[in-house]
file protein.txt (compact mmCIF, N, CA and C atoms)
# COMPACT_ATOMS: atom_id res chain seq x y z
N MET A 1 -121.84 -160.05 273.88
CA MET A 1 -122.13 -160.47 272.52
C MET A 1 -123.02 -159.45 271.83
N ASN A 2 -122.74 -158.26 271.80
CA ASN A 2 -123.35 -157.13 271.10
C ASN A 2 -124.87 -157.05 271.15
N GLY A 3 -125.53 -157.56 272.21
CA GLY A 3 -126.97 -157.39 272.37
C GLY A 3 -127.85 -158.36 271.61
N LEU A 4 -127.28 -159.23 270.78
CA LEU A 4 -128.08 -160.19 270.03
C LEU A 4 -128.14 -161.51 270.77
N THR A 5 -129.27 -162.19 270.67
CA THR A 5 -129.40 -163.52 271.23
C THR A 5 -129.93 -164.45 270.16
N TYR A 6 -129.63 -165.72 270.32
CA TYR A 6 -130.13 -166.73 269.41
C TYR A 6 -131.35 -167.38 270.03
N LEU A 7 -131.93 -168.30 269.35
CA LEU A 7 -133.08 -169.01 269.89
C LEU A 7 -132.65 -169.73 271.17
N LYS A 8 -133.50 -169.69 272.16
CA LYS A 8 -133.17 -170.28 273.46
C LYS A 8 -133.40 -171.79 273.46
N ASN A 9 -132.47 -172.50 274.07
CA ASN A 9 -132.59 -173.93 274.35
C ASN A 9 -132.84 -174.81 273.13
N VAL A 10 -132.25 -174.48 272.00
CA VAL A 10 -132.42 -175.31 270.81
C VAL A 10 -131.09 -175.81 270.24
N VAL A 11 -129.99 -175.41 270.81
CA VAL A 11 -128.67 -175.74 270.29
C VAL A 11 -128.37 -177.22 270.53
N SER A 12 -127.79 -177.87 269.53
CA SER A 12 -127.46 -179.29 269.63
C SER A 12 -126.11 -179.56 270.30
N LEU A 13 -125.42 -178.54 270.71
CA LEU A 13 -124.07 -178.65 271.29
C LEU A 13 -124.06 -179.52 272.55
N GLN A 14 -123.11 -180.47 272.56
CA GLN A 14 -122.91 -181.34 273.72
C GLN A 14 -121.42 -181.51 273.97
N LEU A 15 -121.04 -181.61 275.22
CA LEU A 15 -119.65 -181.81 275.61
C LEU A 15 -119.56 -183.01 276.53
N ASP A 16 -118.74 -183.98 276.16
CA ASP A 16 -118.51 -185.16 277.00
C ASP A 16 -117.34 -184.84 277.93
N GLN A 17 -117.64 -184.50 279.15
CA GLN A 17 -116.64 -184.09 280.13
C GLN A 17 -115.59 -185.17 280.38
N GLU A 18 -115.97 -186.43 280.25
CA GLU A 18 -115.04 -187.52 280.52
C GLU A 18 -113.97 -187.64 279.43
N LYS A 19 -114.26 -187.19 278.22
CA LYS A 19 -113.29 -187.25 277.13
C LYS A 19 -112.40 -186.01 277.07
N CYS A 20 -112.85 -184.90 277.65
CA CYS A 20 -112.11 -183.64 277.56
C CYS A 20 -110.77 -183.75 278.29
N THR A 21 -109.72 -183.26 277.62
CA THR A 21 -108.39 -183.26 278.23
C THR A 21 -107.94 -181.84 278.59
N GLY A 22 -108.77 -180.85 278.29
CA GLY A 22 -108.42 -179.47 278.61
C GLY A 22 -107.45 -178.83 277.64
N CYS A 23 -107.44 -179.26 276.40
CA CYS A 23 -106.47 -178.75 275.41
C CYS A 23 -106.75 -177.30 274.98
N ARG A 24 -107.95 -176.81 275.22
CA ARG A 24 -108.36 -175.43 274.94
C ARG A 24 -108.66 -175.14 273.47
N MET A 25 -108.64 -176.15 272.61
CA MET A 25 -108.92 -175.90 271.19
C MET A 25 -110.32 -175.31 271.00
N CYS A 26 -111.29 -175.75 271.77
CA CYS A 26 -112.65 -175.22 271.63
C CYS A 26 -112.69 -173.73 271.95
N LEU A 27 -111.90 -173.30 272.93
CA LEU A 27 -111.84 -171.88 273.26
C LEU A 27 -111.20 -171.08 272.13
N ILE A 28 -110.20 -171.66 271.51
CA ILE A 28 -109.46 -170.98 270.45
C ILE A 28 -110.33 -170.77 269.21
N VAL A 29 -111.11 -171.79 268.82
CA VAL A 29 -111.85 -171.72 267.55
C VAL A 29 -113.27 -171.19 267.67
N CYS A 30 -113.83 -171.16 268.85
CA CYS A 30 -115.23 -170.72 269.00
C CYS A 30 -115.35 -169.20 268.83
N PRO A 31 -116.14 -168.76 267.84
CA PRO A 31 -116.26 -167.32 267.61
C PRO A 31 -117.12 -166.58 268.63
N HIS A 32 -117.87 -167.31 269.47
CA HIS A 32 -118.79 -166.66 270.39
C HIS A 32 -118.52 -166.95 271.86
N ARG A 33 -117.32 -167.45 272.15
CA ARG A 33 -116.90 -167.69 273.54
C ARG A 33 -117.90 -168.56 274.32
N VAL A 34 -118.32 -169.63 273.70
CA VAL A 34 -119.27 -170.56 274.31
C VAL A 34 -118.61 -171.35 275.44
N PHE A 35 -117.31 -171.59 275.34
CA PHE A 35 -116.59 -172.43 276.29
C PHE A 35 -115.68 -171.61 277.20
N GLU A 36 -115.44 -172.16 278.37
CA GLU A 36 -114.42 -171.66 279.29
C GLU A 36 -113.72 -172.87 279.89
N ILE A 37 -112.59 -172.64 280.52
CA ILE A 37 -111.89 -173.70 281.24
C ILE A 37 -112.21 -173.56 282.72
N SER A 38 -112.61 -174.67 283.31
CA SER A 38 -112.90 -174.71 284.74
C SER A 38 -112.26 -175.98 285.30
N ASN A 39 -111.45 -175.82 286.31
CA ASN A 39 -110.73 -176.97 286.90
C ASN A 39 -109.98 -177.76 285.83
N LYS A 40 -109.32 -177.05 284.92
CA LYS A 40 -108.46 -177.60 283.87
C LYS A 40 -109.20 -178.26 282.70
N TYR A 41 -110.53 -178.19 282.67
CA TYR A 41 -111.30 -178.81 281.59
C TYR A 41 -112.31 -177.83 281.02
N ALA A 42 -112.70 -178.07 279.78
CA ALA A 42 -113.68 -177.20 279.12
C ALA A 42 -115.07 -177.41 279.70
N VAL A 43 -115.80 -176.32 279.79
CA VAL A 43 -117.21 -176.35 280.16
C VAL A 43 -117.97 -175.42 279.22
N ILE A 44 -119.22 -175.73 278.99
CA ILE A 44 -120.08 -174.87 278.18
C ILE A 44 -120.69 -173.82 279.11
N VAL A 45 -120.42 -172.55 278.84
CA VAL A 45 -120.93 -171.49 279.70
C VAL A 45 -121.95 -170.59 279.01
N HIS A 46 -121.97 -170.59 277.69
CA HIS A 46 -122.92 -169.75 276.95
C HIS A 46 -123.54 -170.57 275.81
N ARG A 47 -124.25 -171.63 276.16
CA ARG A 47 -124.82 -172.55 275.18
C ARG A 47 -125.67 -171.83 274.13
N ASP A 48 -126.51 -170.90 274.54
CA ASP A 48 -127.40 -170.22 273.60
C ASP A 48 -126.67 -169.28 272.65
N ALA A 49 -125.39 -169.02 272.92
CA ALA A 49 -124.60 -168.20 272.01
C ALA A 49 -124.01 -169.02 270.86
N CYS A 50 -124.11 -170.34 270.96
CA CYS A 50 -123.57 -171.23 269.92
C CYS A 50 -124.35 -171.06 268.62
N MET A 51 -123.61 -170.87 267.52
CA MET A 51 -124.26 -170.74 266.21
C MET A 51 -124.13 -172.03 265.40
N GLU A 52 -123.72 -173.09 266.06
CA GLU A 52 -123.63 -174.42 265.48
C GLU A 52 -122.78 -174.46 264.20
N CYS A 53 -121.67 -173.75 264.22
CA CYS A 53 -120.78 -173.74 263.05
C CYS A 53 -119.98 -175.03 262.95
N GLY A 54 -119.73 -175.70 264.07
CA GLY A 54 -119.03 -176.96 264.09
C GLY A 54 -117.53 -176.87 264.27
N ALA A 55 -116.99 -175.67 264.40
CA ALA A 55 -115.54 -175.51 264.53
C ALA A 55 -115.00 -176.22 265.77
N CYS A 56 -115.72 -176.18 266.86
CA CYS A 56 -115.25 -176.80 268.09
C CYS A 56 -115.16 -178.32 267.94
N ALA A 57 -116.20 -178.92 267.40
CA ALA A 57 -116.21 -180.38 267.23
C ALA A 57 -115.15 -180.82 266.23
N ARG A 58 -115.00 -180.08 265.16
CA ARG A 58 -114.02 -180.44 264.13
C ARG A 58 -112.59 -180.36 264.67
N ASN A 59 -112.33 -179.46 265.59
CA ASN A 59 -110.97 -179.25 266.10
C ASN A 59 -110.68 -179.94 267.43
N CYS A 60 -111.64 -180.60 268.01
CA CYS A 60 -111.42 -181.29 269.28
C CYS A 60 -110.67 -182.60 269.03
N PRO A 61 -109.43 -182.72 269.50
CA PRO A 61 -108.65 -183.93 269.23
C PRO A 61 -109.18 -185.17 269.94
N GLU A 62 -109.99 -184.99 270.95
CA GLU A 62 -110.52 -186.12 271.72
C GLU A 62 -111.95 -186.49 271.33
N ASN A 63 -112.52 -185.78 270.35
CA ASN A 63 -113.93 -185.99 269.95
C ASN A 63 -114.87 -185.90 271.15
N ALA A 64 -114.60 -184.93 272.00
CA ALA A 64 -115.42 -184.74 273.20
C ALA A 64 -116.61 -183.82 272.94
N ILE A 65 -116.67 -183.22 271.76
CA ILE A 65 -117.73 -182.25 271.45
C ILE A 65 -118.57 -182.75 270.28
N PHE A 66 -119.87 -182.64 270.43
CA PHE A 66 -120.79 -182.94 269.35
C PHE A 66 -121.65 -181.71 269.09
N VAL A 67 -121.82 -181.38 267.83
CA VAL A 67 -122.78 -180.34 267.45
C VAL A 67 -123.28 -180.68 266.06
N ASN A 68 -124.56 -180.54 265.86
CA ASN A 68 -125.17 -180.81 264.56
C ASN A 68 -124.98 -179.56 263.71
N SER A 69 -123.80 -179.42 263.13
CA SER A 69 -123.48 -178.20 262.38
C SER A 69 -124.28 -178.14 261.09
N GLY A 70 -124.52 -176.92 260.65
CA GLY A 70 -125.27 -176.71 259.42
C GLY A 70 -126.74 -176.48 259.63
N VAL A 71 -127.19 -176.49 260.87
CA VAL A 71 -128.62 -176.27 261.13
C VAL A 71 -128.88 -174.99 261.90
N GLY A 72 -127.84 -174.35 262.37
CA GLY A 72 -128.00 -173.21 263.26
C GLY A 72 -127.88 -171.87 262.58
N CYS A 73 -127.43 -170.92 263.34
CA CYS A 73 -127.37 -169.53 262.93
C CYS A 73 -126.45 -169.31 261.74
N ALA A 74 -125.32 -169.98 261.72
CA ALA A 74 -124.38 -169.77 260.61
C ALA A 74 -125.04 -170.10 259.28
N THR A 75 -125.78 -171.19 259.24
CA THR A 75 -126.47 -171.58 258.02
C THR A 75 -127.56 -170.57 257.68
N ALA A 76 -128.29 -170.10 258.66
CA ALA A 76 -129.35 -169.13 258.41
C ALA A 76 -128.79 -167.82 257.86
N VAL A 77 -127.67 -167.39 258.40
CA VAL A 77 -127.05 -166.14 257.92
C VAL A 77 -126.60 -166.30 256.47
N ILE A 78 -125.93 -167.41 256.16
CA ILE A 78 -125.48 -167.65 254.80
C ILE A 78 -126.66 -167.75 253.84
N ASN A 79 -127.67 -168.52 254.22
CA ASN A 79 -128.85 -168.67 253.36
C ASN A 79 -129.57 -167.35 253.16
N SER A 80 -129.61 -166.53 254.20
CA SER A 80 -130.26 -165.23 254.09
C SER A 80 -129.55 -164.37 253.05
N LYS A 81 -128.21 -164.39 253.09
CA LYS A 81 -127.45 -163.60 252.12
C LYS A 81 -127.65 -164.13 250.71
N LEU A 82 -127.63 -165.45 250.56
CA LEU A 82 -127.82 -166.05 249.24
C LEU A 82 -129.23 -165.80 248.71
N ASN A 83 -130.22 -165.94 249.58
CA ASN A 83 -131.61 -165.76 249.17
C ASN A 83 -131.94 -164.32 248.84
N ARG A 84 -131.23 -163.40 249.46
CA ARG A 84 -131.47 -161.98 249.19
C ARG A 84 -131.29 -161.68 247.71
N TYR A 85 -130.34 -162.38 247.09
CA TYR A 85 -130.04 -162.12 245.69
C TYR A 85 -130.84 -162.99 244.74
N SER A 86 -131.44 -164.08 245.25
CA SER A 86 -132.14 -164.97 244.35
C SER A 86 -133.65 -164.96 244.56
N LYS A 87 -134.12 -165.25 245.74
CA LYS A 87 -135.55 -165.42 245.98
C LYS A 87 -136.20 -164.31 246.78
N GLY A 88 -135.40 -163.45 247.38
CA GLY A 88 -135.95 -162.39 248.21
C GLY A 88 -136.43 -162.88 249.56
N LYS A 89 -136.17 -164.13 249.89
CA LYS A 89 -136.61 -164.73 251.15
C LYS A 89 -135.60 -164.41 252.25
N LYS A 90 -136.07 -164.11 253.44
CA LYS A 90 -135.18 -163.78 254.55
C LYS A 90 -135.29 -164.83 255.64
N GLU A 91 -134.15 -165.40 256.03
CA GLU A 91 -134.12 -166.31 257.16
C GLU A 91 -133.58 -165.55 258.36
N CYS A 92 -133.97 -165.99 259.53
CA CYS A 92 -133.57 -165.26 260.73
C CYS A 92 -133.15 -166.22 261.83
N CYS A 93 -132.08 -165.88 262.49
CA CYS A 93 -131.65 -166.66 263.66
C CYS A 93 -131.40 -165.75 264.85
N CYS A 94 -131.25 -164.49 264.62
CA CYS A 94 -130.89 -163.56 265.69
C CYS A 94 -131.97 -162.50 265.84
N ILE A 95 -132.25 -162.18 267.07
CA ILE A 95 -133.23 -161.13 267.33
C ILE A 95 -132.61 -160.08 268.23
N ASP A 96 -133.07 -158.85 268.09
CA ASP A 96 -132.55 -157.80 268.95
C ASP A 96 -133.48 -157.60 270.13
N GLU A 97 -133.24 -156.57 270.90
CA GLU A 97 -134.02 -156.31 272.11
C GLU A 97 -135.51 -156.10 271.83
N LYS A 98 -135.86 -155.72 270.60
CA LYS A 98 -137.26 -155.48 270.21
C LYS A 98 -137.88 -156.70 269.52
N ASN A 99 -137.21 -157.86 269.62
CA ASN A 99 -137.64 -159.09 268.97
C ASN A 99 -137.77 -158.97 267.47
N SER A 100 -136.94 -158.12 266.88
CA SER A 100 -136.90 -157.96 265.42
C SER A 100 -135.76 -158.80 264.86
N CYS A 101 -136.02 -159.41 263.72
CA CYS A 101 -135.00 -160.22 263.07
C CYS A 101 -133.87 -159.33 262.61
N ARG A 102 -132.64 -159.75 262.83
CA ARG A 102 -131.47 -158.99 262.42
C ARG A 102 -130.79 -159.66 261.25
call {"tool": "encode", "arguments": {"input": "protein.txt", "output": "structure tokens"}}
result
Amino acid sequence: MNGLTYLKNVVSLQLDQEKCTGCRMCLIVCPHRVFEISNKYAVIVHRDACMECGACARNCPENAIFVNSGVGCATAVINSKLNRYSKGKKECCCIDEKNSCR
């Protein structure tokens, strides 16, 4: 994931293993490869890479995934771009190896 990390252990992402049917939709729509298939079912393998966009939950036909979308990195990136032109305020969700906001 190009050397960037998100805040550790704050992601709201949850997967109900009992509801998962292994359809792979979460793998298809997740931009950061948070999920993998193990023993025919989805598992979360890179939780801290989740940007809480909500694509996985929205596309899960079994409603096996919950994520509080709109509070994570995707929102911070969008707000940062919008604020750059209006208020000059910078929001940050990603840090590089030097702990600098990207």
call {"tool": "closest_residue", "arguments": {"input": "protein.txt", "among": "A:Lys8, A:Leu13, A:Lys40, A:Ala64", "to": "Glu52 of chain A", "atoms": "only C-alpha atoms"}}
result
A:Leu13
call {"tool": "closest_residue", "arguments": {"input": "protein.txt", "among": "A:Gln17, A:Ser38, A:Asn68, A:Asn9", "to": "Gly54 of chain A", "atoms": "all atoms listed in the file"}}
result
A:Asn68
call {"tool": "atom_distance", "arguments": {"input": "protein.txt", "atom1": "atom CA of Ile44 of chain A", "atom2": "atom CA of Ser69 of chain A"}}
result
16.5 Å
call {"tool": "residues_around", "arguments": {"input": "protein.txt", "residues": "Asp16 of chain A", "least_positions_apart": "6", "cutoff": "9 Å", "atoms": "only C-alpha atoms", "output": "number ranges by chain"}}
result
A: 63-66
call {"tool": "residues_near_point", "arguments": {"input": "protein.txt", "point": "(-119.4, -171.4, 267.9)", "cutoff": "7 Å", "atoms": "only N, CA and C atoms", "output": "list in words"}}
result
Val29, Cys30, Pro31, His32, Arg33, Val34, Ala49, Cys50, Met51, Glu52, Cys53, Gly54, Ala55 and Cys56 of chain A
